[in-house]
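Text of the file structure_4.csv, holding CSV, C-alpha atoms:
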```csv
chain,number,residue,atom,x,y,z
A,84,MET,CA,0.0,0.0,0.0
A,85,LYS,CA,1.3,3.5,-0.9
A,86,GLN,CA,2.0,5.5,2.2
A,87,LEU,CA,0.3,8.9,2.3
A,88,LEU,CA,1.6,10.0,5.7
A,89,GLU,CA,4.8,8.9,7.5
A,90,ILE,CA,5.7,10.2,11.0
A,91,ARG,CA,9.0,9.3,12.5
A,92,GLY,CA,10.4,10.0,15.9
A,93,LEU,CA,7.9,12.7,16.8
A,94,VAL,CA,8.6,14.4,20.1
A,95,SER,CA,6.5,17.3,21.3
A,96,GLY,CA,5.5,18.9,24.6
A,97,PHE,CA,4.8,21.9,26.7
A,98,GLY,CA,8.0,22.5,28.7
A,99,GLY,CA,8.0,19.4,31.0
A,100,PRO,CA,8.5,15.8,30.1
A,101,PRO,CA,7.5,15.3,26.4
A,102,ALA,CA,3.7,14.7,26.0
A,103,VAL,CA,4.6,12.7,22.8
A,104,ASP,CA,7.9,10.9,22.9
A,105,GLY,CA,9.3,9.2,19.8
A,106,VAL,CA,6.1,8.3,18.0
A,107,ASP,CA,6.1,6.6,14.5
A,108,ILE,CA,2.9,6.4,12.5
A,109,ASP,CA,2.0,5.5,8.9
A,110,VAL,CA,-1.3,6.1,7.1
A,111,GLY,CA,-1.8,4.5,3.7
A,112,ALA,CA,-3.9,5.8,0.9
A,113,GLY,CA,-7.5,5.0,1.4
A,114,GLU,CA,-6.9,3.5,4.8
A,115,ILE,CA,-8.5,4.1,8.2
A,116,VAL,CA,-5.9,3.9,10.9
A,117,GLY,CA,-6.7,4.1,14.6
A,118,LEU,CA,-4.8,5.8,17.4
A,119,VAL,CA,-6.1,4.5,20.7
A,120,GLY,CA,-5.4,4.7,24.4
A,121,GLU,CA,-6.8,6.2,27.5
A,122,SER,CA,-7.2,9.9,28.1
A,123,GLY,CA,-3.8,11.7,28.5
A,124,SER,CA,-1.8,9.1,26.5
A,125,GLY,CA,-0.9,11.8,23.9
A,126,LYS,CA,-3.3,10.9,21.0
A,127,SER,CA,-4.6,14.4,20.4
A,128,VAL,CA,-1.2,16.1,21.0
A,129,THR,CA,0.2,13.8,18.2
A,130,ALA,CA,-2.5,15.1,15.8
A,131,LEU,CA,-2.0,18.7,16.8
A,132,SER,CA,1.7,18.4,16.4
A,133,LEU,CA,1.2,17.0,12.9
A,134,LEU,CA,-0.8,20.0,11.9
A,135,ASP,CA,1.4,22.6,13.9
A,136,LEU,CA,-1.6,23.5,16.0
A,137,LEU,CA,-0.1,23.2,19.5
A,138,GLU,CA,-1.0,26.2,21.7
A,139,GLY,CA,0.8,28.2,24.4
A,140,GLU,CA,4.2,26.6,25.2
A,141,GLY,CA,3.5,23.6,23.1
A,142,ARG,CA,6.1,22.8,20.4
A,143,VAL,CA,7.4,20.0,18.3
A,144,ILE,CA,10.9,19.2,19.6
A,145,GLU,CA,12.1,16.7,17.0
A,146,GLY,CA,10.9,14.2,14.4
A,147,THR,CA,10.1,14.1,10.7
A,148,VAL,CA,6.9,14.1,8.7
A,149,ARG,CA,6.7,12.9,5.1
A,150,TRP,CA,3.6,13.6,3.0
A,151,GLN,CA,3.2,11.4,-0.1
A,152,GLY,CA,6.9,10.6,0.2
A,153,GLU,CA,8.1,14.2,0.5
A,154,LEU,CA,9.7,15.6,3.7
A,155,VAL,CA,7.6,18.5,5.0
A,156,ASP,CA,8.6,21.0,7.7
A,157,ALA,CA,6.3,23.0,10.0
A,158,ALA,CA,5.7,25.7,7.4
A,159,ALA,CA,4.9,23.1,4.7
A,160,ARG,CA,2.5,21.3,7.1
A,161,ARG,CA,0.7,24.6,7.7
A,162,GLU,CA,0.2,24.8,3.9
A,163,LEU,CA,-1.3,21.3,3.9
A,164,ARG,CA,-3.7,22.1,6.8
A,165,GLY,CA,-7.3,22.4,5.8
A,166,GLY,CA,-6.6,21.4,2.2
A,167,GLN,CA,-4.6,18.2,1.9
A,168,ILE,CA,-5.0,17.3,5.6
A,169,ALA,CA,-8.1,18.4,7.6
A,170,MET,CA,-9.1,17.8,11.2
A,171,VAL,CA,-12.4,17.2,12.9
A,172,PHE,CA,-11.9,18.5,16.4
A,173,GLN,CA,-12.9,16.7,19.6
A,174,GLU,CA,-15.7,19.1,20.7
A,175,PRO,CA,-17.7,20.6,17.8
A,176,LEU,CA,-19.6,23.1,20.1
A,177,SER,CA,-16.2,24.6,21.0
A,178,ALA,CA,-14.6,24.3,17.6
A,179,LEU,CA,-17.5,26.0,15.8
A,180,ASN,CA,-17.8,29.8,16.1
A,181,PRO,CA,-21.0,30.4,18.2
A,182,VAL,CA,-21.8,33.8,16.7
A,183,HIS,CA,-21.7,32.7,13.0
A,184,ARG,CA,-24.2,30.5,11.2
A,185,VAL,CA,-22.8,27.0,10.4
A,186,GLY,CA,-23.2,27.6,6.6
A,187,ALA,CA,-21.2,30.8,6.7
A,188,GLN,CA,-18.4,28.9,8.4
A,189,ILE,CA,-18.3,26.2,5.7
A,190,VAL,CA,-18.5,29.0,3.0
A,191,GLU,CA,-15.4,30.6,4.6
A,192,ALA,CA,-13.5,27.4,4.4
A,193,LEU,CA,-14.6,26.8,0.7
A,194,ARG,CA,-13.6,30.3,-0.3
A,195,LEU,CA,-10.2,30.0,1.4
A,196,HIS,CA,-9.3,26.5,0.2
A,197,ARG,CA,-11.2,26.2,-3.1
A,198,GLY,CA,-11.3,29.8,-4.2
A,199,LEU,CA,-15.1,29.9,-4.8
A,200,ASP,CA,-17.2,33.0,-4.9
A,201,LYS,CA,-20.0,33.4,-2.3
A,202,ARG,CA,-22.8,32.0,-4.4
A,203,ALA,CA,-20.8,28.9,-5.5
A,204,ALA,CA,-19.5,28.4,-2.0
A,205,ARG,CA,-23.0,28.4,-0.5
A,206,ALA,CA,-24.2,25.9,-3.1
A,207,ARG,CA,-21.2,23.7,-2.4
A,208,ALA,CA,-21.9,24.0,1.4
A,209,LEU,CA,-25.4,22.6,0.9
A,210,GLU,CA,-23.9,19.7,-1.1
A,211,LEU,CA,-21.4,19.0,1.7
A,212,LEU,CA,-24.1,19.1,4.3
A,213,ALA,CA,-26.2,16.7,2.2
A,214,LEU,CA,-23.1,14.5,1.8
A,215,VAL,CA,-22.7,14.1,5.5
A,216,ASP,CA,-26.5,13.3,5.9
A,217,LEU,CA,-27.5,16.4,7.8
A,218,PRO,CA,-31.3,16.4,7.9
A,219,ALA,CA,-32.9,19.3,5.9
A,220,PRO,CA,-29.6,21.0,5.0
A,221,GLU,CA,-31.3,23.8,3.1
A,222,ARG,CA,-32.9,24.9,6.4
A,223,ARG,CA,-30.1,24.1,8.8
A,224,VAL,CA,-27.4,25.8,6.7
A,225,ASP,CA,-28.5,29.1,8.4
A,226,ALA,CA,-28.6,27.7,11.9
A,227,TYR,CA,-26.3,28.7,14.7
A,228,PRO,CA,-24.3,25.9,16.4
A,229,HIS,CA,-26.3,26.0,19.6
A,230,GLU,CA,-29.5,25.4,17.6
A,231,LEU,CA,-28.2,22.0,16.4
A,232,SER,CA,-27.9,18.7,18.3
A,233,GLY,CA,-24.5,17.2,19.1
A,234,GLY,CA,-24.8,14.8,16.2
A,235,MET,CA,-25.7,17.5,13.8
A,236,ARG,CA,-22.8,19.7,14.9
A,237,GLN,CA,-20.5,16.8,14.4
A,238,ARG,CA,-21.8,16.4,10.8
A,239,VAL,CA,-21.2,20.1,10.2
A,240,MET,CA,-17.6,19.7,11.5
A,241,ILE,CA,-17.1,16.8,9.1
A,242,ALA,CA,-18.6,18.8,6.2
A,243,MET,CA,-16.3,21.8,7.0
A,244,ALA,CA,-13.3,19.5,7.1
A,245,LEU,CA,-14.3,18.1,3.7
A,246,ALA,CA,-14.5,21.6,2.2
A,247,GLY,CA,-10.9,21.6,1.1
A,248,GLU,CA,-11.2,18.2,-0.5
A,249,PRO,CA,-8.5,16.6,1.7
A,250,ARG,CA,-6.6,13.4,1.1
A,251,LEU,CA,-6.4,12.7,4.9
A,252,LEU,CA,-9.0,13.4,7.6
A,253,VAL,CA,-7.8,13.5,11.2
A,254,ALA,CA,-10.9,12.7,13.3
A,255,ASP,CA,-10.3,13.4,17.0
A,256,GLU,CA,-12.8,11.5,19.2
A,257,PRO,CA,-15.6,12.1,16.6
A,258,THR,CA,-18.2,10.1,18.6
A,259,THR,CA,-17.5,11.4,22.1
A,260,ALA,CA,-20.6,12.7,24.1
A,261,LEU,CA,-23.0,11.3,21.5
A,262,ASP,CA,-25.6,8.7,22.2
A,263,ALA,CA,-25.1,5.2,20.9
A,264,THR,CA,-27.4,5.6,17.9
A,265,VAL,CA,-25.7,8.8,16.7
A,266,GLN,CA,-22.3,7.2,17.4
A,267,ALA,CA,-23.1,4.4,15.0
A,268,GLN,CA,-24.4,6.8,12.4
A,269,ILE,CA,-21.1,8.9,12.6
A,270,ALA,CA,-19.1,5.7,12.3
A,271,GLN,CA,-21.1,4.6,9.2
A,272,LEU,CA,-20.6,8.1,7.7
A,273,LEU,CA,-16.8,7.9,8.1
A,274,ALA,CA,-16.7,4.5,6.5
A,275,ARG,CA,-18.9,5.7,3.6
A,276,LEU,CA,-16.8,8.8,3.0
A,277,ARG,CA,-13.7,6.7,3.0
A,278,ALA,CA,-15.2,4.5,0.3
A,279,GLU,CA,-16.8,7.3,-1.8
A,280,LEU,CA,-14.1,9.8,-1.7
A,281,SER,CA,-11.0,7.5,-1.5
A,282,LEU,CA,-10.3,9.3,1.8
A,283,SER,CA,-7.7,8.3,4.4
A,284,VAL,CA,-8.6,8.7,8.0
A,285,LEU,CA,-6.5,8.9,11.2
A,286,LEU,CA,-9.1,8.1,13.9
A,287,ILE,CA,-8.3,9.1,17.4
A,288,THR,CA,-10.4,7.3,19.9
A,289,HIS,CA,-10.5,5.6,23.3
A,290,ASP,CA,-13.4,3.5,22.0
A,291,LEU,CA,-11.9,0.1,21.1
A,292,ALA,CA,-15.2,-1.2,19.8
A,293,LEU,CA,-15.3,1.7,17.3
A,294,ALA,CA,-11.7,1.2,16.4
A,295,ARG,CA,-12.3,-2.5,15.8
A,296,ARG,CA,-15.3,-1.8,13.5
A,297,LEU,CA,-13.7,1.0,11.4
A,298,CYS,CA,-9.9,0.6,11.4
A,299,GLN,CA,-7.6,-1.6,9.3
A,300,ARG,CA,-4.7,-0.9,11.6
A,301,LEU,CA,-4.2,0.4,15.2
A,302,TYR,CA,-1.5,2.2,17.1
A,303,VAL,CA,-1.9,1.8,20.9
A,304,MET,CA,-0.5,4.8,22.9
A,305,TYR,CA,0.5,4.9,26.6
A,306,ALA,CA,2.2,7.9,28.3
A,307,GLY,CA,3.2,9.5,25.1
A,308,GLN,CA,4.6,6.4,23.4
A,309,VAL,CA,3.2,3.8,21.0
A,310,VAL,CA,3.4,0.5,22.8
A,311,GLU,CA,1.8,-1.8,20.2
A,312,SER,CA,0.7,-1.6,16.6
A,313,GLY,CA,-0.7,-4.0,14.0
A,314,GLU,CA,-3.8,-5.0,12.1
A,315,SER,CA,-6.8,-4.2,14.3
A,316,ALA,CA,-8.5,-7.6,14.3
A,317,ALA,CA,-5.4,-9.5,15.2
A,318,LEU,CA,-4.2,-6.9,17.7
A,319,LEU,CA,-7.5,-6.8,19.7
A,320,SER,CA,-8.2,-10.5,19.5
A,321,ALA,CA,-4.7,-11.5,20.7
A,322,PRO,CA,-2.9,-8.5,22.2
A,323,ARG,CA,0.7,-8.9,23.2
A,324,HIS,CA,1.3,-5.8,25.2
A,325,PRO,CA,-0.2,-6.0,28.8
A,326,TYR,CA,-1.6,-2.5,28.4
A,327,THR,CA,-3.4,-3.4,25.1
A,328,ALA,CA,-4.7,-6.6,26.8
A,329,ALA,CA,-6.0,-4.5,29.8
A,330,LEU,CA,-7.8,-2.1,27.5
A,331,ALA,CA,-9.5,-5.0,25.6
A,332,ALA,CA,-10.4,-6.7,28.9
A,333,ALA,CA,-12.2,-3.5,30.1
A,334,LEU,CA,-14.6,-3.6,27.2
A,335,PRO,CA,-18.2,-4.3,28.3
A,336,ARG,CA,-19.6,-7.6,27.0
A,337,LEU,CA,-23.2,-8.0,26.2
A,338,SER,CA,-23.1,-11.8,26.2
A,339,VAL,CA,-21.1,-14.4,28.1
A,340,GLY,CA,-20.0,-17.9,27.3
A,341,ALA,CA,-21.2,-21.1,28.9
A,342,GLY,CA,-20.3,-21.2,32.5
A,343,ALA,CA,-19.3,-17.5,32.7
A,344,ASP,CA,-20.6,-15.3,35.4
A,345,ALA,CA,-22.5,-12.3,33.9
A,346,ARG,CA,-21.9,-10.4,37.1
A,347,GLN,CA,-18.2,-10.6,36.8
A,348,PRO,CA,-16.7,-7.1,37.1
A,349,LEU,CA,-14.7,-5.5,34.3
A,350,HIS,CA,-11.0,-5.6,34.5
A,351,VAL,CA,-9.6,-2.4,36.2
A,352,LEU,CA,-6.0,-1.2,36.0
A,353,PRO,CA,-4.4,0.1,39.2
A,354,MET,CA,-3.5,3.8,39.1
A,355,ALA,CA,0.1,4.8,38.9
A,356,SER,CA,1.3,6.9,41.8
A,357,ASP,CA,4.0,8.7,39.9
A,358,GLU,CA,4.2,10.4,36.5
A,359,PRO,CA,4.9,7.5,34.1
A,360,ARG,CA,6.7,9.7,31.6
A,361,ALA,CA,9.4,10.2,34.2
A,362,ALA,CA,10.0,6.5,34.8
A,363,PRO,CA,13.5,5.3,33.9
A,364,GLY,CA,12.3,2.0,32.6
A,365,CYS,CA,9.0,0.8,31.0
A,366,ARG,CA,6.4,3.5,31.6
A,367,PHE,CA,3.7,0.9,32.2
A,368,ALA,CA,5.7,-1.1,34.7
A,369,ALA,CA,4.0,0.4,37.8
A,370,ARG,CA,0.6,-0.9,36.6
A,371,CYS,CA,1.7,-4.1,34.9
A,372,GLU,CA,1.2,-7.6,36.4
A,373,ARG,CA,4.1,-9.0,34.3
A,374,ALA,CA,6.7,-6.3,35.2
A,375,ALA,CA,10.1,-7.6,36.4
A,376,ASP,CA,13.3,-5.9,37.5
A,377,ASP,CA,14.6,-5.4,33.9
A,378,CYS,CA,11.4,-3.6,33.0
A,379,ARG,CA,12.1,-1.0,35.7
A,380,ALA,CA,15.8,-0.7,34.9
A,381,ALA,CA,15.7,0.4,31.2
A,382,ALA,CA,13.1,1.6,28.7
A,383,PRO,CA,12.2,-1.2,26.3
A,384,PRO,CA,12.8,-0.5,22.6
A,385,PHE,CA,9.9,-0.5,20.0
A,386,GLU,CA,10.6,-3.5,17.8
A,387,ALA,CA,8.3,-5.4,15.4
A,388,GLY,CA,5.3,-3.4,16.5
A,389,LEU,CA,5.8,-4.0,20.2
A,390,ARG,CA,7.4,-2.1,23.2
A,391,CYS,CA,7.6,-4.8,25.9
A,392,LEU,CA,10.3,-7.0,27.4
A,393,HIS,CA,7.8,-9.7,28.6
A,394,PRO,CA,4.9,-9.7,26.1
A,395,ILE,CA,1.9,-12.0,26.3
A,396,GLU,CA,2.5,-15.1,24.1
A,397,ALA,CA,0.0,-17.5,22.7
A,398,ALA,CA,1.0,-20.1,25.3
A,399,ASP,CA,0.2,-17.6,28.1
A,400,GLU,CA,-3.3,-17.1,26.7
A,401,ALA,CA,-3.9,-20.8,26.5
A,402,ALA,CA,-2.8,-21.4,30.0
A,403,SER,CA,-5.2,-18.7,31.3
A,404,CYS,CA,-8.2,-20.3,29.6
```

Translate this file's structure into structure tokens.
Amino acid sequence: MKQLLEIRGLVSGFGGPPAVDGVDIDVGAGEIVGLVGESGSGKSVTALSLLDLLEGEGRVIEGTVRWQGELVDAAARRELRGGQIAMVFQEPLSALNPVHRVGAQIVEALRLHRGLDKRAARARALELLALVDLPAPERRVDAYPHELSGGMRQRVMIAMALAGEPRLLVADEPTTALDATVQAQIAQLLARLRAELSLSVLLITHDLALARRLCQRLYVMYAGQVVESGESAALLSAPRHPYTAALAAALPRLSVGAGADARQPLHVLPMASDEPRAAPGCRFAARCERAADDCRAAAPPFEAGLRCLHPIEAADEAASC
């Protein structure tokens, strides 16, 4: 598969320990790739670093980005932003300007990135709102953000992101704070847009069920580092890193096998008492049941899609059954 985006050794932060520390990510043409992990793992900072959108003291410290095989610096990434690479931000009510109608905000993006006049831009805005399945787009194009439901605002955000006809859509928690039905609709929309527009998607989520359903490949982040990567079905059905296994074990299950106890509590990870990014060894060691002295002594390298000295092997899985 031809690589559209290649990130290597990305390090970025806000003055203290790096929030993102040595991250490598590839996104292929027409591929949906998931970036998963609990809150605070560095997923959103990775995306903001890619698009040079870090605020305040935030900055990219080191690392390289290649777009369609070409090395791009921060200035070049800013040129790609909104056109070739677009982002759907985590909270649409905050990302949308509350004092402007949603249609006017899409029109502004179209005029900036596509060079359309007002009339053509408004017509295209209506087409985009219809493309993302916003009900009655001709009426809601003149609504203010607060007049729309959460799911409608998310559709508007996706329509605005599509205004520049991007090759890559970075979707940061696009289903957060939506009810289950609307979450499913947004997931179906992203899958349809990928197929219809030959769109690549970098999906940032803590929802492993959504990631399993949508993504071809996954990167699992913990404390600013990728700890495991691979094809989503294989990775989630047989995780090798204890953190990935813990995330998968925390998923609610609607049905249980023969002899299983439906009242069995979900797996819960213990909290770490110290900042894991400051740990001299494996950052997950303080929460890991498999940690040994060598885990705490030196940071494990990331090799063959895994950052772990004592991974879970197939024999371990069989023994626990």

ask   = What lies within 12 Å of A:Gly247 using only C-alpha atoms, ignoring chain neighbours under 5 positions off, as an MDAnalysis selection string?
value = chainID A and resid 162:170 189:199 204 207:208 211 241:242 252

Padding of 6 Å on every side, edges along x, y and z, all listed atoms of stretch 360-378 of chain A included: what centre and edge lengths in Å, to one decimal, does that box have, as AutoDock Vina command-line options?
```
--center_x 7.6 --center_y 0.6 --center_z 34.4 --size_x 26.0 --size_y 31.2 --size_z 18.8
```

Find the residues around A:Ala274 up to 12 Å (all atoms listed in the file counted), leave out those fewer than 3 positions away in its own chain, and share them as a CSV table (one decimal) with C-alpha atoms, in the frame of the given file.
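Final output, saved to part-v9.csv:
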```csv
chain,number,residue,atom,x,y,z
A,113,GLY,CA,-7.5,5.0,1.4
A,114,GLU,CA,-6.9,3.5,4.8
A,115,ILE,CA,-8.5,4.1,8.2
A,116,VAL,CA,-5.9,3.9,10.9
A,215,VAL,CA,-22.7,14.1,5.5
A,252,LEU,CA,-9.0,13.4,7.6
A,267,ALA,CA,-23.1,4.4,15.0
A,268,GLN,CA,-24.4,6.8,12.4
A,269,ILE,CA,-21.1,8.9,12.6
A,270,ALA,CA,-19.1,5.7,12.3
A,271,GLN,CA,-21.1,4.6,9.2
A,277,ARG,CA,-13.7,6.7,3.0
A,278,ALA,CA,-15.2,4.5,0.3
A,279,GLU,CA,-16.8,7.3,-1.8
A,280,LEU,CA,-14.1,9.8,-1.7
A,281,SER,CA,-11.0,7.5,-1.5
A,282,LEU,CA,-10.3,9.3,1.8
A,283,SER,CA,-7.7,8.3,4.4
A,284,VAL,CA,-8.6,8.7,8.0
A,286,LEU,CA,-9.1,8.1,13.9
A,293,LEU,CA,-15.3,1.7,17.3
A,294,ALA,CA,-11.7,1.2,16.4
A,296,ARG,CA,-15.3,-1.8,13.5
A,297,LEU,CA,-13.7,1.0,11.4
A,298,CYS,CA,-9.9,0.6,11.4
A,299,GLN,CA,-7.6,-1.6,9.3
```

message = For A:Val148, find every residue with an atom within 6 Å (counting all atoms listed in the file), except residues of its own chain fewer than 4 positions away, and show them as a ChimeraX atom specification.
response = /A:89-90,154-155

query = What is the atom CA of A:Arg360 to atom CA of A:Cys378 distance in Å?
reply =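 Between these atoms lies a distance of 14.2 Å.
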
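Counting all atoms listed in the file, the residue from A:Arg160, A:Arg373, A:His229, A:Lys85 that sits nearest to A:Ile395 is A:Arg373.
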
inquiry  = Please compute the atom CA of A:Gly141-atom CA of A:Gln188 distance, one decimal, in Å.
reply    =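 Atom CA of A:Gly141 sits 26.9 Å away from atom CA of A:Gln188.
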
task = Just the residues within 10 Å of stretch 223-228 of chain A, please, counting only C-alpha atoms, with nothing from its chain fewer than 4 positions along; format it as a PyMOL selection string.
result = chain A and resi 175-189+205+208-209+212+217-219+232-233+235-236+239

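Pairwise distance (atom CA of A:Pro257, atom CA of A:Phe172) equals 7.4 Å.
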
message = Show me the residues close to (-10.8, 10.8, 22.8) - anything with an atom within 12 Å, counting all atoms listed in the file - and format the list as a PyMOL selection string.
response = chain A and resi 117-128+130+171-174+254-260+286-291+293-294+304

ask   = Of the residues A:Val309, A:Val303, A:Ala159, A:Cys365, which is the one nearest to A:Val94, using only C-alpha atoms?
value =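 Of all the options, A:Val309 lies closest to A:Val94.
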
key: Selected residue, from A:Met84, A:Val265, A:Ala158, A:Ala331, that lies nearest to A:Leu136 when counting only C-alpha atoms   =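 Counting only C-alpha atoms, the residue closest to A:Leu136 is A:Ala158.
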
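Using all atoms listed in the file, the smallest distance between any of A:Ala102, A:Ala328, A:Ala382, A:Leu131 and A:Glu358 comes from A:Ala102.
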
request  = Around the point (6.3, 21.9, 26.8), in the coordinates given by the file, pick out the residues reaching within 6 Å, counting only C-alpha atoms, and return them as a PyMOL selection string.
outcome  = chain A and resi 96-99+140-141
